[in-house]
Every structure is written in C-alpha cells, then in structure tokens.
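Text of structure00.cif, listed as mmCIF, C-alpha atoms:
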data_structure
#
loop_
_atom_site.label_atom_id
_atom_site.label_comp_id
_atom_site.auth_asym_id
_atom_site.auth_seq_id
_atom_site.Cartn_x
_atom_site.Cartn_y
_atom_site.Cartn_z
CA MET A 1 -49.64 -56.53 56.41
CA SER A 2 -48.85 -52.90 55.60
CA ILE A 3 -46.60 -53.87 52.65
CA ARG A 4 -49.42 -55.84 51.02
CA PHE A 5 -51.74 -52.93 51.60
CA ASN A 6 -49.29 -50.54 49.86
CA MET A 7 -48.87 -52.88 46.90
CA SER A 8 -52.60 -53.27 46.44
CA VAL A 9 -52.96 -49.49 46.39
CA LEU A 10 -50.37 -49.21 43.61
CA ARG A 11 -52.06 -51.74 41.34
CA PRO A 12 -54.74 -49.30 40.01
CA VAL A 13 -52.05 -46.64 39.53
CA ARG A 14 -49.94 -49.03 37.46
CA PHE A 15 -53.00 -49.99 35.43
CA LEU A 16 -53.85 -46.33 34.81
CA LEU A 17 -50.25 -45.61 33.78
CA ALA A 18 -50.30 -48.56 31.35
CA VAL A 19 -53.59 -47.35 29.84
CA CYS A 20 -52.22 -43.80 29.37
CA ILE A 21 -49.03 -45.04 27.71
CA SER A 22 -51.01 -47.37 25.44
CA ALA A 23 -53.32 -44.51 24.45
CA LEU A 24 -50.32 -42.28 23.75
CA LEU A 25 -48.75 -44.92 21.52
CA LEU A 26 -52.02 -45.54 19.71
CA PHE A 27 -52.74 -41.87 18.99
CA SER A 28 -49.17 -41.02 18.06
CA ASN A 29 -49.26 -43.75 15.41
CA ALA A 30 -52.80 -43.00 14.25
CA PHE A 31 -52.26 -39.23 13.93
CA PRO A 32 -48.65 -38.52 12.99
CA ALA A 33 -47.30 -35.05 13.56
CA SER A 34 -48.01 -32.65 10.74
CA ALA A 35 -45.17 -30.29 9.98
CA ASP A 36 -45.73 -26.63 9.29
CA PRO A 37 -44.52 -25.57 5.87
CA VAL A 38 -41.15 -23.83 5.86
CA ASN A 39 -42.51 -21.11 3.62
CA PRO A 40 -46.27 -20.79 4.27
CA THR A 41 -46.74 -18.19 1.53
CA SER A 42 -45.43 -20.47 -1.21
CA SER A 43 -47.75 -22.60 -3.27
CA GLN A 44 -48.28 -26.17 -2.17
CA SER A 45 -46.62 -28.80 -4.32
CA SER A 46 -47.27 -32.47 -4.61
CA PRO A 47 -44.52 -35.06 -4.17
CA GLN A 48 -44.96 -36.15 -7.79
CA GLN A 49 -43.77 -32.76 -9.10
CA GLY A 50 -40.19 -33.44 -8.09
CA GLU A 51 -40.25 -36.98 -9.38
CA ALA A 52 -39.51 -36.07 -13.00
CA ASN A 53 -36.27 -34.29 -12.10
CA LEU A 54 -35.20 -37.12 -9.82
CA GLN A 55 -35.84 -39.72 -12.49
CA SER A 56 -33.72 -37.85 -15.02
CA ILE A 57 -30.94 -37.51 -12.43
CA GLU A 58 -31.21 -41.23 -11.67
CA LYS A 59 -30.95 -42.13 -15.38
CA GLU A 60 -27.82 -39.99 -15.73
CA ALA A 61 -26.32 -41.61 -12.64
CA GLN A 62 -27.04 -45.09 -13.99
CA LYS A 63 -25.44 -44.18 -17.34
CA ALA A 64 -22.37 -42.91 -15.51
CA VAL A 65 -22.07 -46.09 -13.44
CA LEU A 66 -22.62 -48.55 -16.28
CA LYS A 67 -20.13 -47.07 -18.75
CA ASP A 68 -16.44 -46.38 -18.42
CA PRO A 69 -15.43 -43.53 -16.13
CA TYR A 70 -15.71 -40.04 -17.57
CA SER A 71 -12.58 -38.55 -19.05
CA GLN A 72 -11.38 -35.26 -17.62
CA LYS A 73 -12.67 -33.34 -20.64
CA GLU A 74 -16.07 -35.06 -20.50
CA THR A 75 -16.31 -34.43 -16.75
CA GLN A 76 -15.51 -30.74 -17.22
CA THR A 77 -18.00 -30.41 -20.07
CA LYS A 78 -20.81 -32.05 -18.09
CA ALA A 79 -19.97 -30.17 -14.89
CA ASN A 80 -20.07 -26.83 -16.72
CA GLN A 81 -23.63 -27.54 -17.87
CA GLY A 82 -24.97 -27.27 -14.33
CA LEU A 83 -24.25 -28.10 -10.72
CA ASN A 84 -22.24 -31.27 -11.37
CA GLU A 85 -21.74 -33.88 -14.06
CA ILE A 86 -24.69 -36.04 -12.95
CA GLN A 87 -27.30 -33.58 -11.77
CA GLY A 88 -26.82 -31.05 -14.52
CA ALA A 89 -29.04 -28.01 -14.15
CA ALA A 90 -31.90 -29.81 -12.38
CA ASP A 91 -33.30 -27.67 -9.54
CA ILE A 92 -30.53 -25.13 -9.99
CA ASP A 93 -32.97 -22.28 -9.30
CA GLN A 94 -33.93 -23.81 -5.93
CA MET A 95 -30.39 -24.23 -4.58
CA ASN A 96 -28.59 -21.61 -2.58
CA ARG A 97 -25.39 -20.37 -4.16
CA PRO A 98 -23.31 -17.25 -3.59
CA GLU A 99 -24.90 -15.67 -6.68
CA ASN A 100 -28.45 -15.88 -5.32
CA SER A 101 -27.69 -15.54 -1.59
CA GLN A 102 -26.46 -11.95 -1.43
CA ASP A 103 -29.58 -10.74 0.40
CA ALA A 104 -29.59 -13.63 2.89
CA ILE A 105 -29.33 -12.82 6.57
CA SER A 106 -26.58 -14.73 8.37
CA VAL A 107 -27.28 -16.85 11.42
CA GLU A 108 -25.19 -14.45 13.48
CA ASP A 109 -27.30 -11.47 12.39
CA LYS A 110 -30.52 -13.39 13.04
CA SER A 111 -29.39 -14.31 16.54
CA LYS A 112 -28.30 -10.72 17.24
CA ASN A 113 -31.67 -9.41 16.08
CA PHE A 114 -33.45 -12.01 18.20
CA LEU A 115 -31.44 -11.17 21.32
CA GLU A 116 -31.91 -7.44 20.74
CA ALA A 117 -35.64 -7.96 20.46
CA ILE A 118 -35.71 -9.93 23.71
CA THR A 119 -33.43 -7.69 25.75
CA GLY A 120 -34.52 -4.42 24.17
CA ARG A 121 -30.98 -3.11 23.79
CA LYS A 122 -28.60 -2.83 20.87
CA ASP A 123 -25.02 -4.11 20.81
CA LYS A 124 -22.44 -1.29 20.86
CA ASN A 125 -20.05 -3.04 18.41
#
Could you render the structure as structure tokens?
Amino acid sequence: MSIRFNMSVLRPVRFLLAVCISALLLFSNAFPASADPVNPTSSQSSPQQGEANLQSIEKEAQKAVLKDPYSQKETQTKANQGLNEIQGAADIDQMNRPENSQDAISVEDKSKNFLEAITGRKDKN
C-alpha cells in the first residue's frame, strides 16, 4: 500500500515538471535569444547591405566554375586585384590583415590584463 501511496504523490510532481518543460520550450521558440552587438558603438546595418557584395562575389564564382580553369597569369592578375581571384576587393576594409592589425591586442595580452585585474598583481616577467 505504501508504494501506491508514493506513486500517487509523484504524479502531480511529474505533471508540474512536464508543464514547466513545455513552457520552456514554448517561450524559447517564441522569443529567441537576442545577441548583443559585437561593437555597440558602431552603426546598425541591415542584412540587405551586404547582399550586393555577396551577389557580385557569387557571379564571379559562377563565371569561374562555368568556364575553363584560370591560367596561372590570369589567376595572378585577379588575385593581385584584391584578396583572392574570386572575391576581389570586396569587404577588404573589414578584414583583418597584418597591415591593419598592428594596434590589435593579442589574446595573451588580454588574458594577462584580465588576470592582473582580478588578482591585483602584475607579472614580474
């Protein structure tokens, strides 16, 4: 008799657990997580702004696939116009390269600064 009593006590708990999980699934689908912008001070852009560059890159890629392979000279000429022979100079100002990354802080320096801030002491090296 005591086993039936214990099982009947668990039934409302199981029901409550099922309701909570269902509510969690419902709200997680209804209100997806909103990501914080990586750079909050930058201006907001719409997804359509990058579409023009992507379409031109796609057209170049389709031309490259449909015709004979590039010769070495043609590959060098196209690659020297930008990042590579397909992408050209599209978004070249947004990509990190050694030329525009001289002032960047390395991950090692960031972690050292973080640990120094937490511990309150500087490394003697």
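Atom CA of Ile92 of chain A lies 12.6 Å from atom CA of Asn80 of chain A.
Taking atom CA of Ala23 of chain A as the reference point, atom CA of Leu10 of chain A is found at 19.9 Å.
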Closest of A:Ala61, A:Leu24, A:Val9, A:Leu115 to Asn84 of chain A, counting all atoms listed in the file, is A:Ala61
From atom CA of Glu60 of chain A to atom CA of Gln76 of chain A the spacing works out at 15.5 Å
